[in-house]
file run11.cif (mmCIF, C-alpha atoms)
data_my_file
#
loop_
_atom_site.label_atom_id
_atom_site.label_comp_id
_atom_site.auth_asym_id
_atom_site.auth_seq_id
_atom_site.Cartn_x
_atom_site.Cartn_y
_atom_site.Cartn_z
CA MET A 40 2.69 -7.08 -25.02
CA ALA A 41 1.42 -7.41 -21.48
CA THR A 42 -1.76 -5.60 -20.52
CA LEU A 43 -1.65 -3.16 -17.61
CA LEU A 44 -5.14 -3.39 -16.18
CA GLY A 45 -5.01 -0.83 -13.39
CA GLY A 46 -4.08 -0.37 -9.78
CA LEU A 47 -5.11 -1.38 -6.30
CA ALA A 48 -4.24 0.17 -2.95
CA ALA A 49 -5.02 -0.79 0.63
CA SER A 50 -3.80 -0.24 4.14
CA HIS A 51 -1.78 -3.06 5.69
CA ILE A 52 -2.27 -2.85 9.44
CA PRO A 53 -1.12 -6.05 11.24
CA ALA A 54 -4.36 -6.23 13.24
CA ILE A 55 -6.17 -6.98 9.96
CA GLY A 56 -4.47 -10.39 9.99
CA ASN A 57 -5.92 -11.13 13.37
CA ALA A 58 -9.39 -9.96 12.28
CA LEU A 59 -9.24 -12.16 9.17
CA ALA A 60 -8.13 -15.18 11.18
CA LYS A 61 -10.93 -14.73 13.70
CA GLY A 62 -13.64 -13.88 11.15
CA TRP A 63 -14.41 -10.47 12.57
CA GLN A 64 -15.44 -8.92 9.23
CA GLN A 65 -18.97 -8.22 10.45
CA GLU A 66 -18.00 -6.96 13.91
CA PRO A 67 -19.05 -3.30 14.36
CA TYR A 68 -15.46 -2.13 14.76
CA TRP A 69 -14.30 -3.88 11.58
CA LYS A 70 -17.32 -3.80 9.28
CA PRO A 71 -16.81 -0.25 7.91
CA PHE A 72 -13.30 -1.28 6.88
CA PHE A 73 -14.14 -4.66 5.32
CA ASP A 74 -17.20 -3.21 3.58
CA GLY A 75 -14.80 -1.30 1.37
CA PHE A 76 -13.68 -4.42 -0.45
CA PRO A 77 -16.62 -6.26 -2.13
CA PRO A 78 -16.91 -3.76 -5.02
CA VAL A 79 -13.23 -4.32 -5.72
CA HIS A 80 -13.71 -8.10 -5.52
CA ARG A 81 -16.37 -7.86 -8.22
CA TRP A 82 -14.08 -5.78 -10.44
CA LEU A 83 -11.23 -8.27 -9.98
CA GLU A 84 -13.53 -11.08 -11.09
CA GLN A 85 -14.12 -9.13 -14.29
CA VAL A 86 -10.55 -8.14 -15.15
CA ARG A 87 -8.88 -11.40 -13.99
CA PRO A 88 -5.30 -10.27 -13.30
CA GLU A 89 -2.56 -12.89 -13.57
CA VAL A 90 0.40 -10.96 -12.18
CA VAL A 91 0.45 -8.26 -9.48
CA VAL A 92 3.36 -5.89 -8.92
CA VAL A 93 3.23 -5.02 -5.22
CA PHE A 94 4.76 -1.78 -3.90
CA TYR A 95 5.12 -2.23 -0.16
CA ASN A 96 7.51 -1.49 2.69
CA ASP A 97 9.26 -4.18 4.65
CA HIS A 98 9.07 -3.81 8.44
CA GLY A 99 12.27 -5.51 9.52
CA LEU A 100 11.50 -9.03 8.31
CA ASN A 101 13.65 -9.14 5.16
CA PHE A 102 15.64 -5.92 5.68
CA PHE A 103 16.68 -4.64 9.09
CA LEU A 104 18.08 -1.26 10.02
CA ASP A 105 21.67 -2.42 9.45
CA LYS A 106 21.00 -2.92 5.72
CA MET A 107 18.20 -0.80 4.33
CA PRO A 108 17.85 -0.47 0.57
CA THR A 109 15.86 2.45 -0.77
CA PHE A 110 14.33 0.30 -3.51
CA ALA A 111 14.48 -3.51 -3.68
CA VAL A 112 12.85 -5.74 -6.30
CA GLY A 113 11.99 -9.37 -5.70
CA ALA A 114 13.11 -11.83 -8.38
CA ALA A 115 12.19 -15.10 -6.71
CA GLY A 116 10.02 -17.93 -7.91
CA GLN A 117 8.28 -18.04 -4.56
CA TYR A 118 7.91 -15.67 -1.61
CA HIS A 119 7.57 -16.99 1.91
CA ASN A 120 5.76 -15.17 4.68
CA ALA A 121 7.26 -15.43 8.16
CA ASP A 122 6.37 -14.44 11.70
CA GLU A 123 7.40 -10.86 12.35
CA GLY A 124 6.44 -10.94 15.99
CA TRP A 125 2.86 -9.66 15.68
CA GLY A 126 1.42 -13.10 16.40
CA ILE A 127 -0.76 -13.07 13.31
CA PRO A 128 -1.03 -16.32 11.33
CA THR A 129 1.63 -16.95 8.73
CA LEU A 130 0.16 -17.25 5.25
CA PRO A 131 1.20 -19.79 2.59
CA PRO A 132 3.94 -18.87 0.09
CA LEU A 133 3.06 -16.63 -2.84
CA ALA A 134 4.04 -17.48 -6.40
CA GLY A 135 6.59 -15.19 -7.99
CA CYS A 136 6.97 -14.10 -11.60
CA PRO A 137 10.72 -14.01 -12.24
CA GLU A 138 10.20 -13.15 -15.90
CA LEU A 139 8.46 -9.87 -15.07
CA SER A 140 10.82 -9.26 -12.14
CA TRP A 141 13.83 -9.28 -14.44
CA GLN A 142 12.01 -7.24 -17.07
CA ILE A 143 11.39 -4.58 -14.40
CA ILE A 144 14.90 -4.82 -12.97
CA ARG A 145 16.55 -4.47 -16.38
CA HIS A 146 14.32 -1.53 -17.26
CA LEU A 147 14.91 0.23 -13.94
CA VAL A 148 18.69 -0.15 -14.07
CA ALA A 149 18.74 1.01 -17.69
CA HIS A 150 16.88 4.11 -16.51
CA GLU A 151 19.32 4.85 -13.69
CA PHE A 152 17.49 3.28 -10.75
CA ASP A 153 20.15 1.29 -8.91
CA VAL A 154 17.88 -1.23 -7.23
CA VAL A 155 18.70 -4.14 -4.95
CA THR A 156 17.70 -7.42 -6.61
CA CYS A 157 16.45 -10.20 -4.35
CA GLN A 158 16.38 -13.77 -5.61
CA GLU A 159 15.32 -14.76 -2.10
CA MET A 160 12.92 -12.48 -0.26
CA LEU A 161 10.69 -12.92 2.76
CA VAL A 162 7.49 -10.88 2.61
CA ASP A 163 5.72 -9.49 5.65
CA HIS A 164 2.18 -8.41 6.48
CA ALA A 165 2.50 -5.38 4.22
CA CYS A 166 2.60 -7.67 1.21
CA THR A 167 0.46 -10.58 2.34
CA LEU A 168 -2.51 -8.93 4.07
CA PRO A 169 -3.69 -6.71 1.19
CA LEU A 170 -3.50 -9.71 -1.16
CA LYS A 171 -5.67 -11.62 1.31
CA LEU A 172 -8.08 -8.68 1.52
CA PHE A 173 -8.46 -8.55 -2.25
CA TRP A 174 -8.78 -12.35 -2.67
CA PRO A 175 -10.42 -13.44 0.61
CA GLU A 176 -11.92 -16.64 -0.76
CA HIS A 177 -8.51 -18.08 -1.65
CA GLU A 178 -6.03 -19.54 0.78
CA VAL A 179 -3.40 -17.71 -1.22
CA ALA A 180 -4.01 -15.05 -3.88
CA PRO A 181 -4.40 -16.74 -7.32
CA VAL A 182 -1.79 -14.52 -8.94
CA GLN A 183 1.95 -14.32 -9.40
CA ILE A 184 3.59 -11.38 -7.68
CA VAL A 185 6.58 -9.09 -8.09
CA PRO A 186 7.23 -7.40 -4.73
CA ILE A 187 8.96 -4.02 -4.80
CA ASP A 188 10.07 -2.72 -1.41
CA ILE A 189 10.29 1.05 -0.89
CA ASN A 190 12.03 2.21 2.27
CA THR A 191 9.65 4.21 4.45
CA VAL A 192 11.17 2.91 7.67
CA GLN A 193 14.60 4.53 8.07
CA PHE A 194 15.56 8.06 7.05
CA PRO A 195 16.55 9.36 4.62
CA LEU A 196 13.52 8.24 2.64
CA PRO A 197 13.29 8.51 -1.13
CA THR A 198 11.58 11.73 -2.16
CA ALA A 199 8.02 11.61 -3.38
CA ARG A 200 9.24 12.87 -6.76
CA ARG A 201 11.75 10.00 -6.97
CA VAL A 202 9.10 7.44 -6.00
CA TYR A 203 6.81 8.83 -8.67
CA LYS A 204 9.53 8.41 -11.29
CA LEU A 205 10.13 4.86 -10.07
CA GLY A 206 6.47 4.09 -10.52
CA GLN A 207 6.47 5.54 -14.02
CA ALA A 208 9.46 3.39 -14.94
CA VAL A 209 7.79 0.27 -13.55
CA GLY A 210 4.71 1.05 -15.61
CA GLU A 211 6.85 1.40 -18.72
CA ALA A 212 8.56 -1.92 -17.99
CA ILE A 213 5.22 -3.69 -17.68
CA GLN A 214 3.94 -2.23 -20.92
CA ARG A 215 7.08 -3.25 -22.79
CA TRP A 216 7.03 -6.81 -21.45
CA HIS A 217 6.70 -9.32 -24.28
CA SER A 218 3.97 -11.36 -22.67
CA ASP A 219 0.25 -11.88 -22.95
CA LYS A 220 -0.17 -11.61 -19.17
CA ARG A 221 -2.71 -9.33 -17.52
CA VAL A 222 -0.97 -7.21 -14.89
CA LEU A 223 -2.13 -5.12 -11.96
CA VAL A 224 -0.05 -2.76 -9.84
CA MET A 225 -0.79 -2.67 -6.12
CA ALA A 226 0.22 -0.33 -3.29
CA THR A 227 0.00 -1.09 0.38
CA GLY A 228 0.25 1.16 3.44
CA GLY A 229 -1.10 4.35 4.95
CA LEU A 230 -3.08 6.40 5.21
CA SER A 231 -2.20 8.98 7.88
CA HIS A 232 -0.92 7.55 11.13
CA GLN A 233 1.84 7.84 13.66
CA LEU A 234 2.71 5.09 16.10
CA GLU A 235 5.29 6.68 18.36
CA GLY A 236 6.21 9.79 20.29
CA GLU A 237 4.16 12.74 21.42
CA ARG A 238 2.09 12.60 18.22
CA ALA A 239 1.18 8.92 18.59
CA GLY A 240 -2.38 8.59 17.34
CA PHE A 241 -2.00 11.44 14.84
CA ILE A 242 -4.53 11.26 11.98
CA ASN A 243 -5.10 13.95 9.35
CA LYS A 244 -8.48 13.40 7.72
CA ALA A 245 -8.43 16.42 5.39
CA PHE A 246 -4.97 15.56 4.07
CA ASP A 247 -6.00 11.95 3.46
CA GLN A 248 -9.10 13.05 1.57
CA GLN A 249 -7.11 15.41 -0.62
CA PHE A 250 -4.49 12.72 -1.24
CA LEU A 251 -7.16 10.19 -2.25
CA GLU A 252 -8.68 12.69 -4.64
CA SER A 253 -5.26 13.39 -6.12
CA MET A 254 -4.92 9.71 -6.94
CA VAL A 255 -7.76 10.18 -9.40
CA SER A 256 -7.40 13.67 -10.79
CA ASN A 257 -3.94 15.05 -10.03
CA PRO A 258 -1.50 12.18 -9.47
CA GLU A 259 1.61 14.35 -9.09
CA TRP A 260 0.05 16.47 -6.31
CA ALA A 261 1.93 14.77 -3.47
CA THR A 262 5.29 15.07 -5.20
CA GLN A 263 5.47 18.69 -4.03
CA PHE A 264 6.23 17.52 -0.48
CA SER A 265 9.60 16.61 1.04
CA ASP A 266 9.86 13.55 3.25
CA LEU A 267 9.63 15.70 6.39
CA GLU A 268 6.67 17.62 5.01
CA LEU A 269 4.92 14.31 4.40
CA VAL A 270 5.69 13.24 7.98
CA GLU A 271 4.26 16.52 9.23
CA ARG A 272 1.06 16.03 7.25
CA ALA A 273 0.60 12.25 7.32
CA GLY A 274 2.60 11.06 10.35
CA THR A 275 5.80 9.07 10.61
CA GLN A 276 4.17 5.91 9.30
CA GLY A 277 1.72 7.77 7.09
CA VAL A 278 4.62 8.29 4.69
CA GLU A 279 3.67 4.84 3.46
CA LEU A 280 1.44 6.75 1.07
CA LEU A 281 4.57 6.83 -1.09
CA MET A 282 3.55 3.33 -2.19
CA TRP A 283 0.22 4.67 -3.44
CA LEU A 284 2.12 7.32 -5.35
CA ALA A 285 4.31 4.71 -7.06
CA MET A 286 1.24 2.68 -8.03
CA ARG A 287 -0.52 5.70 -9.46
CA ALA A 288 2.56 6.79 -11.39
CA ALA A 289 2.81 3.34 -12.98
CA LEU A 290 -0.67 3.86 -14.41
CA THR A 291 0.30 7.13 -16.10
CA ARG A 292 2.07 4.91 -18.63
CA GLY A 293 -0.88 2.58 -18.69
CA GLY A 294 -3.15 4.19 -21.25
CA ALA A 295 -5.02 7.32 -22.11
CA GLY A 296 -6.40 7.75 -18.63
CA GLY A 297 -7.78 6.09 -15.58
CA ARG A 298 -11.14 5.48 -13.99
CA LYS A 299 -11.80 5.09 -10.28
CA VAL A 300 -13.55 1.78 -9.78
CA HIS A 301 -14.06 2.22 -6.05
CA SER A 302 -12.60 3.78 -2.93
CA ASN A 303 -13.26 3.68 0.78
CA TYR A 304 -11.88 5.69 3.70
CA HIS A 305 -12.34 4.78 7.34
CA ILE A 306 -11.03 6.02 10.70
CA PRO A 307 -9.65 4.23 12.68
CA ILE A 308 -8.36 0.70 12.48
CA SER A 309 -5.82 0.27 15.25
CA ASN A 310 -3.99 3.63 15.21
CA THR A 311 -4.50 4.31 11.52
CA ALA A 312 -6.71 6.04 9.01
CA THR A 313 -7.40 3.37 6.40
CA GLY A 314 -8.04 3.48 2.69
CA VAL A 315 -8.76 1.18 -0.21
CA MET A 316 -8.87 2.11 -3.87
CA ALA A 317 -9.12 0.45 -7.27
CA LEU A 318 -8.25 2.29 -10.48
CA GLU A 319 -8.74 0.98 -13.99
CA CYS A 320 -6.59 1.93 -16.96
CA LEU A 321 -8.58 3.17 -19.92
CA ALA A 322 -7.19 2.14 -23.27
CA MET B 272 -0.26 -0.48 19.31
CA GLN B 273 -2.94 1.36 21.22
CA ASP B 274 -1.28 0.37 24.50
CA ILE B 275 1.97 1.82 23.24
CA GLY B 276 0.24 4.94 21.96
CA ALA B 277 -1.44 5.46 25.30
CA GLN B 278 1.85 5.04 27.16
CA GLN B 279 3.65 7.49 24.92
CA THR B 280 1.00 10.15 25.16
CA GLY B 281 0.40 9.74 28.89
CA VAL B 282 -3.26 8.77 28.76
CA SER B 283 -5.25 5.62 29.46
CA LYS B 284 -5.94 3.18 26.63
CA PRO B 285 -9.67 4.07 26.52
CA GLU B 286 -8.73 7.74 26.29
CA PHE B 287 -6.29 7.01 23.50
CA MET B 288 -8.86 4.97 21.59
CA ALA B 289 -11.39 7.79 22.04
CA LYS B 290 -8.88 10.20 20.56
CA LEU B 291 -8.47 7.97 17.51
CA ALA B 292 -12.22 7.69 17.03
CA ALA B 293 -12.57 11.45 17.45
CA ALA B 294 -10.47 11.94 14.32
CA ASN B 295 -13.69 11.23 12.44
CA GLN B 296 -14.92 14.61 13.66
CA GLN B 297 -12.04 16.49 12.04
CA PRO B 298 -13.21 18.88 9.31
CA ASP B 299 -13.41 17.42 5.85
CA TRP B 300 -11.10 18.63 3.12
CA PRO B 301 -13.31 21.41 1.73
CA ALA B 302 -13.51 19.99 -1.77
CA ALA B 303 -14.53 16.57 -0.42
CA LYS B 304 -17.97 17.99 0.38
CA LEU B 305 -18.32 19.04 -3.22
CA GLY B 306 -17.46 15.61 -4.51
CA VAL B 307 -14.50 16.98 -6.43
#
call {"tool": "encode", "arguments": {"input": "run11.cif", "output": "structure tokens"}}
result
Amino acid sequence: MATLLGGLAASHIPAIGNALAKGWQQEPYWKPFFDGFPPVHRWLEQVRPEVVVVFYNDHGLNFFLDKMPTFAVGAAGQYHNADEGWGIPTLPPLAGCPELSWQIIRHLVAHEFDVVTCQEMLVDHACTLPLKLFWPEHEVAPVQIVPIDINTVQFPLPTARRVYKLGQAVGEAIQRWHSDKRVLVMATGGLSHQLEGERAGFINKAFDQQFLESMVSNPEWATQFSDLELVERAGTQGVELLMWLAMRAALTRGGAGGRKVHSNYHIPISNTATGVMALECLA
Amino acid sequence: MQDIGAQQTGVSKPEFMAKLAAANQQPDWPAAKLGV
């Protein structure tokens, strides 16, 4: 069976792409953010993942507001990045893992998740930038990916409880995959931020800290909140923390427990409170 | 995004960026101080 190694999570702000392209990692504004990654790089060198399941939210590149699936799973052999209008450099295509994609899709549908399956799928900054942050020395991350898009763009959003169950089911699918591959689950997005309206610039430090702690010790904590309660606490775009919840839920099927490898929290990058975290499954 | 945020909240961009940076001064989640 496949080995579920653990989970990664990171914010996916478009400006990171510009900072990477211009080599601003040591600039005072950016350093506290980029300094959160080297401990995770060292862990990744140890555990050597081969496949990464990426929970992320599309921002209008592959799905627009006229057709917005709640959950969509990529099943392509290759995923192309494309210009979304931010002006950040387009990254090379990422290798897919159709075998795990279809394992996950079959398992999800069998467990009453009616997902959209995508045999062609463009991936945006939310998928590509965190992979670049975790494997900065590579032109393209040296892993195969299975992208899973969760709608956090257009209401109604899936509930936190539903996202948690999705993550659990994905974790089960990975563990039941007849393969010798080493698999990581990754979440991208958050933490608290709001880009528009009277609350533009909203950041909730205490909520973010409690959420990060819950990732370690009480993974179901955030499932108590409705979508609007999450918006109230984390901001309209801060609801991207649902991706972190899915990642963490996948690990609950990943072994007897989990260990925090590293985390970092920094305010602000662009308009956002940022976070990075690595969690390791304990056998 | 900071230009847009400044426009939508009726302040200058430097004021908006100062507001973002000031979020660091928000109180910690109480248990965070305890390392829970």
call {"tool": "atom_distance", "arguments": {"input": "run11.cif", "atom1": "CA of Val91 in chain A", "atom2": "CA of Thr311 in chain A"}}
result
25.0 Å
call {"tool": "resolve_selection", "arguments": {"input": "run11.cif", "expression": "the PyMOL selection byres ((chain B) within 7 of (chain A))", "output": "PDB file with C-alpha atoms, keeping the file's coordinate frame"}}
result
ATOM      1  CA  MET B 272      -0.260  -0.480  19.310  1.00  0.00           C
ATOM      2  CA  GLN B 273      -2.940   1.360  21.220  1.00  0.00           C
ATOM      3  CA  GLY B 276       0.240   4.940  21.960  1.00  0.00           C
ATOM      4  CA  GLN B 279       3.650   7.490  24.920  1.00  0.00           C
ATOM      5  CA  THR B 280       1.000  10.150  25.160  1.00  0.00           C
ATOM      6  CA  LEU B 291      -8.470   7.970  17.510  1.00  0.00           C
ATOM      7  CA  ALA B 292     -12.220   7.690  17.030  1.00  0.00           C
ATOM      8  CA  ALA B 294     -10.470  11.940  14.320  1.00  0.00           C
ATOM      9  CA  ASN B 295     -13.690  11.230  12.440  1.00  0.00           C
ATOM     10  CA  GLN B 297     -12.040  16.490  12.040  1.00  0.00           C
ATOM     11  CA  PRO B 298     -13.210  18.880   9.310  1.00  0.00           C
ATOM     12  CA  ASP B 299     -13.410  17.420   5.850  1.00  0.00           C
ATOM     13  CA  TRP B 300     -11.100  18.630   3.120  1.00  0.00           C
ATOM     14  CA  ALA B 303     -14.530  16.570  -0.420  1.00  0.00           C
TER      15      ALA B 303
END
call {"tool": "residues_near_point", "arguments": {"input": "run11.cif", "point": "(3.0, 14.7, 2.8)", "cutoff": "9 Å", "atoms": "all atoms listed in the file", "output": "number ranges by chain"}}
result
A: 199, 246, 250, 261-274, 277-278, 280-281
call {"tool": "write_last_selection", "arguments": {"input": "run11.cif", "atoms": "C-alpha atoms", "output": "mmCIF file, in the frame of the given file"}}
result
data_model
loop_
_atom_site.group_PDB
_atom_site.id
_atom_site.type_symbol
_atom_site.label_atom_id
_atom_site.label_comp_id
_atom_site.auth_asym_id
_atom_site.auth_seq_id
_atom_site.Cartn_x
_atom_site.Cartn_y
_atom_site.Cartn_z
ATOM 1 C CA ALA A 199 8.020 11.610 -3.380
ATOM 2 C CA PHE A 246 -4.970 15.560 4.070
ATOM 3 C CA PHE A 250 -4.490 12.720 -1.240
ATOM 4 C CA ALA A 261 1.930 14.770 -3.470
ATOM 5 C CA THR A 262 5.290 15.070 -5.200
ATOM 6 C CA GLN A 263 5.470 18.690 -4.030
ATOM 7 C CA PHE A 264 6.230 17.520 -0.480
ATOM 8 C CA SER A 265 9.600 16.610 1.040
ATOM 9 C CA ASP A 266 9.860 13.550 3.250
ATOM 10 C CA LEU A 267 9.630 15.700 6.390
ATOM 11 C CA GLU A 268 6.670 17.620 5.010
ATOM 12 C CA LEU A 269 4.920 14.310 4.400
ATOM 13 C CA VAL A 270 5.690 13.240 7.980
ATOM 14 C CA GLU A 271 4.260 16.520 9.230
ATOM 15 C CA ARG A 272 1.060 16.030 7.250
ATOM 16 C CA ALA A 273 0.600 12.250 7.320
ATOM 17 C CA GLY A 274 2.600 11.060 10.350
ATOM 18 C CA GLY A 277 1.720 7.770 7.090
ATOM 19 C CA VAL A 278 4.620 8.290 4.690
ATOM 20 C CA LEU A 280 1.440 6.750 1.070
ATOM 21 C CA LEU A 281 4.570 6.830 -1.090
#
call {"tool": "atom_distance", "arguments": {"input": "run11.cif", "atom1": "CA of Leu223 in chain A", "atom2": "CA of Val162 in chain A"}}
result
18.4 Å
call {"tool": "residues_around", "arguments": {"input": "run11.cif", "residues": "Val185 in chain A", "least_positions_apart": "6", "cutoff": "10 Å", "atoms": "all atoms listed in the file", "output": "list in words"}}
result
Val90, Val91, Val92, Val93, Phe94, Val112, Gly113, Ala114, Ala115, Gly116, Gln117, Tyr118, Leu133, Ala134, Gly135, Cys136, Pro137, Glu138, Leu139, Ser140, Trp141, Ile143, Val224 and Met225 of chain A
call {"tool": "decode", "arguments": {"input": "run11.cif", "residues": "chain B", "atoms": "C-alpha atoms", "output": "PDB file, in the first residue's frame"}}
result
ATOM      1  CA  MET B 272      -4.237  44.552  -3.836  1.00  0.00           C
ATOM      2  CA  GLN B 273      -3.161  47.206  -1.392  1.00  0.00           C
ATOM      3  CA  ASP B 274      -4.208  49.909  -3.868  1.00  0.00           C
ATOM      4  CA  ILE B 275      -7.628  48.308  -4.089  1.00  0.00           C
ATOM      5  CA  GLY B 276      -7.834  47.916  -0.325  1.00  0.00           C
ATOM      6  CA  ALA B 277      -6.953  51.555   0.171  1.00  0.00           C
ATOM      7  CA  GLN B 278      -9.575  52.658  -2.351  1.00  0.00           C
ATOM      8  CA  GLN B 279     -12.275  50.548  -0.758  1.00  0.00           C
ATOM      9  CA  THR B 280     -11.572  51.733   2.751  1.00  0.00           C
ATOM     10  CA  GLY B 281     -11.101  55.388   1.821  1.00  0.00           C
ATOM     11  CA  VAL B 282      -7.520  55.792   2.990  1.00  0.00           C
ATOM     12  CA  SER B 283      -4.171  56.325   1.292  1.00  0.00           C
ATOM     13  CA  LYS B 284      -2.051  53.315   0.350  1.00  0.00           C
ATOM     14  CA  PRO B 285       0.550  54.065   3.071  1.00  0.00           C
ATOM     15  CA  GLU B 286      -2.247  54.277   5.624  1.00  0.00           C
ATOM     16  CA  PHE B 287      -3.676  50.992   4.425  1.00  0.00           C
ATOM     17  CA  MET B 288      -0.278  49.294   4.579  1.00  0.00           C
ATOM     18  CA  ALA B 289       0.226  50.672   8.093  1.00  0.00           C
ATOM     19  CA  LYS B 290      -3.101  49.170   9.098  1.00  0.00           C
ATOM     20  CA  LEU B 291      -1.989  45.772   7.805  1.00  0.00           C
ATOM     21  CA  ALA B 292       1.307  45.966   9.670  1.00  0.00           C
ATOM     22  CA  ALA B 293      -0.525  47.064  12.814  1.00  0.00           C
ATOM     23  CA  ALA B 294      -2.325  43.715  12.869  1.00  0.00           C
ATOM     24  CA  ASN B 295       0.874  42.396  14.441  1.00  0.00           C
ATOM     25  CA  GLN B 296      -0.073  44.370  17.547  1.00  0.00           C
ATOM     26  CA  GLN B 297      -3.384  42.569  17.955  1.00  0.00           C
ATOM     27  CA  PRO B 298      -3.560  40.544  21.181  1.00  0.00           C
ATOM     28  CA  ASP B 299      -2.349  36.986  20.936  1.00  0.00           C
ATOM     29  CA  TRP B 300      -4.754  34.113  21.377  1.00  0.00           C
ATOM     30  CA  PRO B 301      -4.365  33.645  25.145  1.00  0.00           C
ATOM     31  CA  ALA B 302      -3.180  30.061  24.939  1.00  0.00           C
ATOM     32  CA  ALA B 303      -0.521  30.993  22.361  1.00  0.00           C
ATOM     33  CA  LYS B 304       1.487  32.662  25.133  1.00  0.00           C
ATOM     34  CA  LEU B 305       1.439  29.418  27.051  1.00  0.00           C
ATOM     35  CA  GLY B 306       2.719  27.440  24.110  1.00  0.00           C
ATOM     36  CA  VAL B 307      -0.368  25.242  24.131  1.00  0.00           C
TER      37      VAL B 307
END
